[in-house]
Protein chains: 4
Amino acid sequence: MSLYSTYFYSKEVNDLLSNEEFINQMLRFEGALALAQAENGIIPKLSASIINEWCSADYIDIEKLKSDIKLSGNAAIPLIKQLTQVVEKINPEASKYIHLGATSQDVIDTATTLQMFYFTSWLDKKLIVIINQLNALSQEHQDTKMAGRTLLQHAKSINFGDKINKWTRSIRLIRERIEESGKRVFTMTLGGAVGFGNEFINDKVKESLIDILSLNSPIGVWGGVEFASILGSLSGYLGKIAKDISLLMQTEVAEVFEGAAEGKGGSSTMPHKRNPVTCAAIIANTTRMPHLVASTFSSMPQEYERSVGLWHSEWEVLNEIMLLIGGSVDRTIELLKDLEVDKKRMSENLKITNGLIDAEDISLALAKKIGKTQAHELVQKACKIAISEQKHLKEVLTEMGVILSDEL
Amino acid sequence: MSLYSTYFYSKEVNDLLSNEEFINQMLRFEGALALAQAENGIIPKLSASIINEWCSADYIDIEKLKSDIKLSGNAAIPLIKQLTQVVEKINPEASKYIHLGATSQDVIDTATTLQMFYFTSWLDKKLIVIINQLNALSQEHQDTKMAGRTLLQHAKSINFGDKINKWTRSIRLIRERIEESGKRVFTMTLGGAVGFGNEFINDKVKESLIDILSLNSPIGVWGGVEFASILGSLSGYLGKIAKDISLLMQTEVAEVFEGAAEGKGGSSTMPHKRNPVTCAAIIANTTRMPHLVASTFSSMPQEYERSVGLWHSEWEVLNEIMLLIGGSVDRTIELLKDLEVDKKRMSENLKITNGLIDAEDISLALAKKIGKTQAHELVQKACKIAISEQKHLKEVLTEMGVILSDEL
Amino acid sequence: MSLYSTYFYSKEVNDLLSNEEFINQMLRFEGALALAQAENGIIPKLSASIINEWCSADYIDIEKLKSDIKLSGNAAIPLIKQLTQVVEKINPEASKYIHLGATSQDVIDTATTLQMFYFTSWLDKKLIVIINQLNALSQEHQDTKMAGRTLLQHAKSINFGDKINKWTRSIRLIRERIEESGKRVFTMTLGGAVGFGNEFINDKVKESLIDILSLNSPIGVWGGVEFASILGSLSGYLGKIAKDISLLMQTEVAEVFEGAAEGKGGSSTMPHKRNPVTCAAIIANTTRMPHLVASTFSSMPQEYERSVGLWHSEWEVLNEIMLLIGGSVDRTIELLKDLEVDKKRMSENLKITNGLIDAEDISLALAKKIGKTQAHELVQKACKIAISEQKHLKEVLTEMGVILSDEL
Amino acid sequence: MSLYSTYFYSKEVNDLLSNEEFINQMLRFEGALALAQAENGIIPKLSASIINEWCSADYIDIEKLKSDIKLSGNAAIPLIKQLTQVVEKINPEASKYIHLGATSQDVIDTATTLQMFYFTSWLDKKLIVIINQLNALSQEHQDTKMAGRTLLQHAKSINFGDKINKWTRSIRLIRERIEESGKRVFTMTLGGAVGFGNEFINDKVKESLIDILSLNSPIGVWGGVEFASILGSLSGYLGKIAKDISLLMQTEVAEVFEGAAEGKGGSSTMPHKRNPVTCAAIIANTTRMPHLVASTFSSMPQEYERSVGLWHSEWEVLNEIMLLIGGSVDRTIELLKDLEVDKKRMSENLKITNGLIDAEDISLALAKKIGKTQAHELVQKACKIAISEQKHLKEVLTEMGVILSDEL
């Protein structure tokens, strides 16, 4: 496991996507396939039941599996061989019916889909946590005024609560997209040798298998890329939150802070530093993610009925995408949990432009009387004077004879 | 326009996404905004009607606009300036109400969305054409046997019609995803200076504007990346078709061909060549696309209420994505329209492995009698003999005492 | 040309890489090939001289060329056809010797290399300008103290001049890499049909041609990807400068500013805004660049002696890379030319941490007496007190009984 | 470690880049720093010697380190803390001098550079092996005629030896680029808190440290991206070899084969399959690599003196790049070691176009008599007849009255 397993990653997701769990999902497919075939009279029920019973990573020599992959070119072939040997010792007859009519891609893609499915169950719960955290923060700050900033410049005052609501909406959209895409993404793969079926994996077997695995019907098109795209967007949304918080935490801005903790965010040489280390992890993952998502797109134009290499290129990349999302999600929850907001500083920062931040409000108010262009130009002129003479904008405008309503 | 405007691109899409048309969409937003504001009593109806009337690229000096963008940093500011000057000459009063309460990002993002929307209308019609072409081909070849190939090796015979149906399903999925994503993608942007509205762009104005522009309600989250992801998948699916056809057109395979045409696919030096030049264009676009899609993901973690540079990085990339899809779609239609299929050669190629291509069918048939593993091993042994002694697989099996049913 | 031709791009580079200029380079190859063949007695001198004379885009119907590319699959075939027709009218005999022994890839790759070469000549001059600008700035600010910032937090004071020197070093490295890579990058391609030569393009012809074109000897390996990699690094270095300046220009930091200009960096709705629009363009290009560079890497594993699609995928991408670098370079020169530095503000900002920014210096000084760990912990404790009690760090340390030397 | 540790990866490189080895390199830096400081009178020699003695991963609790990284945001801070505790127990005085004047980035970047350096030593040896393998193959096949193919079509006959020489040249270029880039890539990082040094890490210390570590002088610019670019190119070149071999191994082509081995390249369902599983691994890695290289480019425009997240994004990606190259290199050596070449089939395949593959040679020969265009057209006409009437090209030409010299 990576040296950074607690930093860029999530312990829960690391466990969910471990080698052992992947093997378990492959075996789950094999066990369920036997049961589904037995249910439809294709293989003996007893054999199926024995096969299914021994379908567990506990009986697999994972190191041997790893070393055999180099010869076989995928994980399914040596796994099925080991499973067959295990079952053979118990019941030679049963061992004859393992993996009947299926091909390596059926096992691997379906196992991957099962992992995507369990990961998504984990993810969805965590997204609800984030949404709840954001809602609570937004509630608390529905009247907290702060500077709205565009192109890194003070633009116009906003409510921190409203800003948070935008973050929330983006997370909600991800939940919506995951929900909608399920019928395409969480689908079983079962096509046999070249993907067009055979008598051992007929429609009835498929139906039974779908039932057992709680997946959707095969659609003959791989859902991994759409899934990666959605996670890529989630990564961008989480990265946006972390980016904003890291900027608001700047020494010169000092409005919002990652929670402090004993030993957290220190420097190896600067005793006073309080670094946004949680934001850094999320931003790092967000920087890597577009490239990983692109890698799944590059694996699409596969040759004929199964590719030399493009299929293979996706296995680890899909995993890495889920693993990094795991980390970003966990870090975001930690970030929001301990977030410190300095309302006073927000309010003070609103004043540093000597009223310029209200320029648009004033300009729009004047526009009603003298038209937008003239108002814009008049206020722009006043702004220039305010800047060069270091006066407050309203003072300048008053000197220019402009009468402003009280609320501005 | 690119030197390769007819090759990697589509004339229709090039026109749809021209500079002039983008300006027209920005102006369409400005005209519609004025009308929507007038409808809700915010600006005079006559002014709105005059503004709307002059909202056309015909009155805009595009070269000046281009040169002004360098100072303004976006296309909206100089456009609104020009529009204001145009309207001012006609009716100074009306010119005061242009772009009231809106900001550059409102215009630019909504205009981009309108282009995405019109592009999608074009695209959807073309996808239906492709689906119909594929259906006709599939119908014609529902009984055309050919070699199914995995990892570039003959694997098992398939029907060409079934193979085509898989291509069709992938295109259908794109139509489904476009349909579903519309509520998130084809949404208006109208937020004013920092994205949180003001009195000139209140909810009623928004409603009217949505109505006029036939877009969906603003959701505060940009849909461009989801749109790019869908087009990225489409590119992969079209690339897969082109890849397969280019492989089937190999001199040694010679089963399917791009249509010939006078002067098409020749070489500058080899008189006999018939190159898959249409496939080449589609594959080229498919190779570039993942990187362009990734670029939109990289533009996501934007600072504060509007980014320095990330927003800007998306403008041309989204356009390029649509332009390349335009080309891939048009080329695919041409490719399928003139596709030549050599059924006879398909049938002959099935024989080149001396029966090995039927090994799985035989193995599965035997499995019913002697179990999967034993059948697999027995047939594998027969295959090795067939290869080394250059005999037909069935002959070898017969010599080994295996009795095969007639249909195998 | 893009709507943003003056913003993301450079006029000079746009001209250098125009369709017309690319055609001129292809024709330059054809003319030079004829001369080289004549020089070595392979074709008549008079014919070569006539061919060479008519090798100019002025005699080419570019619109026709564009429309023919779709059939031919590349620009060389229809260009040679047009050239042959042009020469045929003047001298039928001469027209027989055009493109003799060469193939499309020879023309296209060599023409691209010539463009890369001329672009590099332009670039190198501009990089010298940037280095000179940076040197002057560094000279001016060799004693300008400012806050050094890590992870967006004040860390320790630095000299602005030293900071600028790091920028300069990165640009120098690019010049060094361009210089070193020339022997691999600026090489002629001349291989004939499948890349292994023929009697018309023998070693002597190659030598003559290299001479005429001032390129390096063919090495049988395409240099475009290495070239793209170097430009990708340059893009990162320029982006780093723009990123730093945009951050230093933040309302709350206000230490360095893009030059102001009438109408520059304004907002369409906020009269007071002064946006870092030049930085925005550079950052936008820098965001896109890694994906374009990656696209050239994806085009590498080409099939056999010439690829279906991968070769084609590189043509526009290499161009786009040079075009965007053109823009980033020109914008950087403008940015540095008008850069405003507020030394006073830099000095004031050094004080906002109440002495915390000197913590490391103090800690290192103490380390000499009491060891690094203890010094670090002691100063860290003092920092915490300074923050919570809003006192100056030195005051706190004095209260803690620490005696500091005067220079700290 | 990945489930695919033997397939996409190299055991030797996995070991070289293990967590433990990375920790060892970080400690090597710390030990050497102490020695270098002692050498220059900055810390006591005895202390330095004690520090250096305990600088080994053997004394580090790696699991604790992993879990501490989440708080510290990098691996250096908790490592130095552990090292300090280890040394403190032995010699409290010595523990005061650990990491004196250095910052986290100094340790991490230098340790990464050391890993890049050791990896390169490994790599260079392996590239020599590959070059020797290719030279032997080329020698053996200097007269082996085969079809040269462009756009997947038979184009013209070539020598297999010449084809191999092109592969060799590409590998040689990589060695050349590694050699040249060393002065920029294999450089020490030692800048202290914000990168501009301090008295504990003065020029003399730097010199001593460079000496001890056998690295080049710090240049203030990170070499990781250039290193990644070179490896990206290597990946493309290895991918090209694997792509060609996988194509030549197609059932219909059958000219070159991956070596067979008991249990290698089988299918889980098709007994006769012999899959190019080694090629598949190399192609998979080659598909992923451009995206990983791009990820390093995306990490370039870092904020101020150290970034929030961009620096962090590079750590694992650089590692992954080296790991995948390790796999591709080892697989290539295996591939070439057991390569089977079917010369007879190569020769037979040359005949399948009924002489069309000689069309260019004939055309060029005729060109000398009747001019290139006429020759091209005449031979093109003959080719069409040869195809439609299924005759040999020479027969057709003879019927058309063309007299061909004997050697054609």
# chains A, B, ... in the order shown; residues from 1 in each chain; ligands from 1
>>> select_by_dssp(residues="stretch 8-140 of chain C", states="alpha helix (DSSP H)", output="count of residues only")
103
>>> interface_residues(of="chain D", to="chain C", cutoff="6 Å", atoms="only C-alpha atoms", output="MDAnalysis selection string")
chainID D and resid 96 149:151 236 239:240 244 290 294 297:298 300:308 371:373
>>> select_by_dssp(residues="stretch 213-404 of chain C", states="strand (DSSP E or B)", output="VMD selection string")
chain C and resid 216 256 to 257 306 340 to 341
>>> residues_around(residues="stretch 385-388 of chain D", least_positions_apart="6", cutoff="9 Å", atoms="only C-alpha atoms", output="ChimeraX atom specification")
/D:353-356,394-397
>>> write_last_selection(atoms="N, CA and C atoms", output="PDB file, in the first residue's frame")
ATOM      1  N   THR D 353      -0.769 -10.216 -52.656  1.00  0.00           N
ATOM      2  CA  THR D 353      -1.386  -9.127 -53.438  1.00  0.00           C
ATOM      3  C   THR D 353      -1.193  -9.313 -54.931  1.00  0.00           C
ATOM      4  N   ASN D 354      -0.766 -10.493 -55.330  1.00  0.00           N
ATOM      5  CA  ASN D 354      -0.608 -10.738 -56.757  1.00  0.00           C
ATOM      6  C   ASN D 354       0.302  -9.698 -57.404  1.00  0.00           C
ATOM      7  N   GLY D 355       1.379  -9.426 -56.730  1.00  0.00           N
ATOM      8  CA  GLY D 355       2.356  -8.515 -57.314  1.00  0.00           C
ATOM      9  C   GLY D 355       2.122  -7.040 -57.033  1.00  0.00           C
ATOM     10  N   LEU D 356       0.994  -6.700 -56.440  1.00  0.00           N
ATOM     11  CA  LEU D 356       0.699  -5.285 -56.206  1.00  0.00           C
ATOM     12  C   LEU D 356       1.738  -4.636 -55.290  1.00  0.00           C
ATOM     13  N   LYS D 394       2.300  -8.099 -62.895  1.00  0.00           N
ATOM     14  CA  LYS D 394       3.258  -8.123 -64.006  1.00  0.00           C
ATOM     15  C   LYS D 394       2.632  -8.649 -65.287  1.00  0.00           C
ATOM     16  N   GLU D 395       1.774  -9.651 -65.106  1.00  0.00           N
ATOM     17  CA  GLU D 395       1.048 -10.198 -66.257  1.00  0.00           C
ATOM     18  C   GLU D 395       0.221  -9.103 -66.921  1.00  0.00           C
ATOM     19  N   VAL D 396      -0.489  -8.352 -66.098  1.00  0.00           N
ATOM     20  CA  VAL D 396      -1.316  -7.269 -66.637  1.00  0.00           C
ATOM     21  C   VAL D 396      -0.447  -6.263 -67.385  1.00  0.00           C
ATOM     22  N   LEU D 397       0.676  -5.895 -66.753  1.00  0.00           N
ATOM     23  CA  LEU D 397       1.538  -4.898 -67.376  1.00  0.00           C
ATOM     24  C   LEU D 397       2.089  -5.408 -68.703  1.00  0.00           C
TER      25      LEU D 397
END
>>> residues_around(residues="A:Tyr118", least_positions_apart="5", cutoff="12 Å", atoms="only C-alpha atoms", output="count of residues only")
19
>>> decode(residues="stretch 53-74 of chain B", atoms="N, CA, C and O atoms", output="PDB file, in the first residue's frame")
ATOM      1  N   GLU B  53     -33.723  44.084 -31.503  1.00  0.00           N
ATOM      2  CA  GLU B  53     -33.698  44.209 -32.956  1.00  0.00           C
ATOM      3  C   GLU B  53     -32.274  44.311 -33.499  1.00  0.00           C
ATOM      4  O   GLU B  53     -31.982  43.817 -34.582  1.00  0.00           O
ATOM      5  N   TRP B  54     -31.411  44.962 -32.748  1.00  0.00           N
ATOM      6  CA  TRP B  54     -30.049  45.186 -33.228  1.00  0.00           C
ATOM      7  C   TRP B  54     -29.059  44.121 -32.746  1.00  0.00           C
ATOM      8  O   TRP B  54     -27.854  44.224 -32.962  1.00  0.00           O
ATOM      9  N   CYS B  55     -29.606  43.125 -32.090  1.00  0.00           N
ATOM     10  CA  CYS B  55     -28.732  42.055 -31.596  1.00  0.00           C
ATOM     11  C   CYS B  55     -28.398  41.054 -32.701  1.00  0.00           C
ATOM     12  O   CYS B  55     -28.957  39.949 -32.761  1.00  0.00           O
ATOM     13  N   SER B  56     -27.507  41.412 -33.562  1.00  0.00           N
ATOM     14  CA  SER B  56     -27.098  40.515 -34.644  1.00  0.00           C
ATOM     15  C   SER B  56     -25.640  40.777 -34.977  1.00  0.00           C
ATOM     16  O   SER B  56     -25.187  41.932 -34.977  1.00  0.00           O
ATOM     17  N   ALA B  57     -24.920  39.701 -35.275  1.00  0.00           N
ATOM     18  CA  ALA B  57     -23.501  39.828 -35.616  1.00  0.00           C
ATOM     19  C   ALA B  57     -23.292  40.712 -36.839  1.00  0.00           C
ATOM     20  O   ALA B  57     -22.183  41.218 -37.070  1.00  0.00           O
ATOM     21  N   ASP B  58     -24.362  40.915 -37.629  1.00  0.00           N
ATOM     22  CA  ASP B  58     -24.246  41.764 -38.822  1.00  0.00           C
ATOM     23  C   ASP B  58     -23.787  43.176 -38.485  1.00  0.00           C
ATOM     24  O   ASP B  58     -23.172  43.857 -39.314  1.00  0.00           O
ATOM     25  N   TYR B  59     -24.107  43.620 -37.294  1.00  0.00           N
ATOM     26  CA  TYR B  59     -23.773  45.001 -36.934  1.00  0.00           C
ATOM     27  C   TYR B  59     -22.484  45.097 -36.124  1.00  0.00           C
ATOM     28  O   TYR B  59     -22.158  46.150 -35.599  1.00  0.00           O
ATOM     29  N   ILE B  60     -21.802  43.971 -35.998  1.00  0.00           N
ATOM     30  CA  ILE B  60     -20.612  43.934 -35.150  1.00  0.00           C
ATOM     31  C   ILE B  60     -19.336  43.881 -36.004  1.00  0.00           C
ATOM     32  O   ILE B  60     -19.288  43.155 -37.005  1.00  0.00           O
ATOM     33  N   ASP B  61     -18.363  44.634 -35.613  1.00  0.00           N
ATOM     34  CA  ASP B  61     -17.061  44.605 -36.281  1.00  0.00           C
ATOM     35  C   ASP B  61     -16.224  43.517 -35.602  1.00  0.00           C
ATOM     36  O   ASP B  61     -15.618  43.733 -34.555  1.00  0.00           O
ATOM     37  N   ILE B  62     -16.208  42.339 -36.213  1.00  0.00           N
ATOM     38  CA  ILE B  62     -15.605  41.179 -35.544  1.00  0.00           C
ATOM     39  C   ILE B  62     -14.094  41.345 -35.391  1.00  0.00           C
ATOM     40  O   ILE B  62     -13.512  40.954 -34.379  1.00  0.00           O
ATOM     41  N   GLU B  63     -13.445  41.945 -36.387  1.00  0.00           N
ATOM     42  CA  GLU B  63     -11.995  42.120 -36.268  1.00  0.00           C
ATOM     43  C   GLU B  63     -11.649  43.027 -35.086  1.00  0.00           C
ATOM     44  O   GLU B  63     -10.721  42.772 -34.336  1.00  0.00           O
ATOM     45  N   LYS B  64     -12.445  44.076 -34.928  1.00  0.00           N
ATOM     46  CA  LYS B  64     -12.231  44.967 -33.779  1.00  0.00           C
ATOM     47  C   LYS B  64     -12.479  44.208 -32.472  1.00  0.00           C
ATOM     48  O   LYS B  64     -11.743  44.345 -31.501  1.00  0.00           O
ATOM     49  N   LEU B  65     -13.525  43.421 -32.482  1.00  0.00           N
ATOM     50  CA  LEU B  65     -13.846  42.624 -31.293  1.00  0.00           C
ATOM     51  C   LEU B  65     -12.657  41.738 -30.911  1.00  0.00           C
ATOM     52  O   LEU B  65     -12.216  41.723 -29.759  1.00  0.00           O
ATOM     53  N   LYS B  66     -12.135  41.033 -31.905  1.00  0.00           N
ATOM     54  CA  LYS B  66     -10.985  40.160 -31.661  1.00  0.00           C
ATOM     55  C   LYS B  66      -9.839  40.942 -31.032  1.00  0.00           C
ATOM     56  O   LYS B  66      -9.191  40.475 -30.096  1.00  0.00           O
ATOM     57  N   SER B  67      -9.581  42.105 -31.565  1.00  0.00           N
ATOM     58  CA  SER B  67      -8.395  42.817 -31.081  1.00  0.00           C
ATOM     59  C   SER B  67      -8.672  43.413 -29.695  1.00  0.00           C
ATOM     60  O   SER B  67      -7.748  43.613 -28.907  1.00  0.00           O
ATOM     61  N   ASP B  68      -9.944  43.685 -29.380  1.00  0.00           N
ATOM     62  CA  ASP B  68     -10.265  44.232 -28.054  1.00  0.00           C
ATOM     63  C   ASP B  68     -10.230  43.166 -26.949  1.00  0.00           C
ATOM     64  O   ASP B  68     -10.076  43.482 -25.766  1.00  0.00           O
ATOM     65  N   ILE B  69     -10.397  41.902 -27.333  1.00  0.00           N
ATOM     66  CA  ILE B  69     -10.465  40.830 -26.325  1.00  0.00           C
ATOM     67  C   ILE B  69      -9.183  40.784 -25.497  1.00  0.00           C
ATOM     68  O   ILE B  69      -9.212  40.485 -24.311  1.00  0.00           O
ATOM     69  N   LYS B  70      -8.080  41.140 -26.123  1.00  0.00           N
ATOM     70  CA  LYS B  70      -6.814  41.098 -25.411  1.00  0.00           C
ATOM     71  C   LYS B  70      -6.813  42.019 -24.191  1.00  0.00           C
ATOM     72  O   LYS B  70      -6.215  41.699 -23.158  1.00  0.00           O
ATOM     73  N   LEU B  71      -7.469  43.139 -24.305  1.00  0.00           N
ATOM     74  CA  LEU B  71      -7.521  44.068 -23.168  1.00  0.00           C
ATOM     75  C   LEU B  71      -8.588  43.667 -22.157  1.00  0.00           C
ATOM     76  O   LEU B  71      -8.405  43.788 -20.953  1.00  0.00           O
ATOM     77  N   SER B  72      -9.708  43.213 -22.688  1.00  0.00           N
ATOM     78  CA  SER B  72     -10.843  42.950 -21.803  1.00  0.00           C
ATOM     79  C   SER B  72     -10.739  41.580 -21.144  1.00  0.00           C
ATOM     80  O   SER B  72     -11.281  41.352 -20.069  1.00  0.00           O
ATOM     81  N   GLY B  73     -10.053  40.653 -21.788  1.00  0.00           N
ATOM     82  CA  GLY B  73      -9.926  39.319 -21.230  1.00  0.00           C
ATOM     83  C   GLY B  73     -11.103  38.408 -21.520  1.00  0.00           C
ATOM     84  O   GLY B  73     -11.101  37.250 -21.112  1.00  0.00           O
ATOM     85  N   ASN B  74     -12.113  38.912 -22.187  1.00  0.00           N
ATOM     86  CA  ASN B  74     -13.173  38.028 -22.679  1.00  0.00           C
ATOM     87  C   ASN B  74     -13.934  38.706 -23.801  1.00  0.00           C
ATOM     88  O   ASN B  74     -13.755  39.913 -24.057  1.00  0.00           O
TER      89      ASN B  74
END
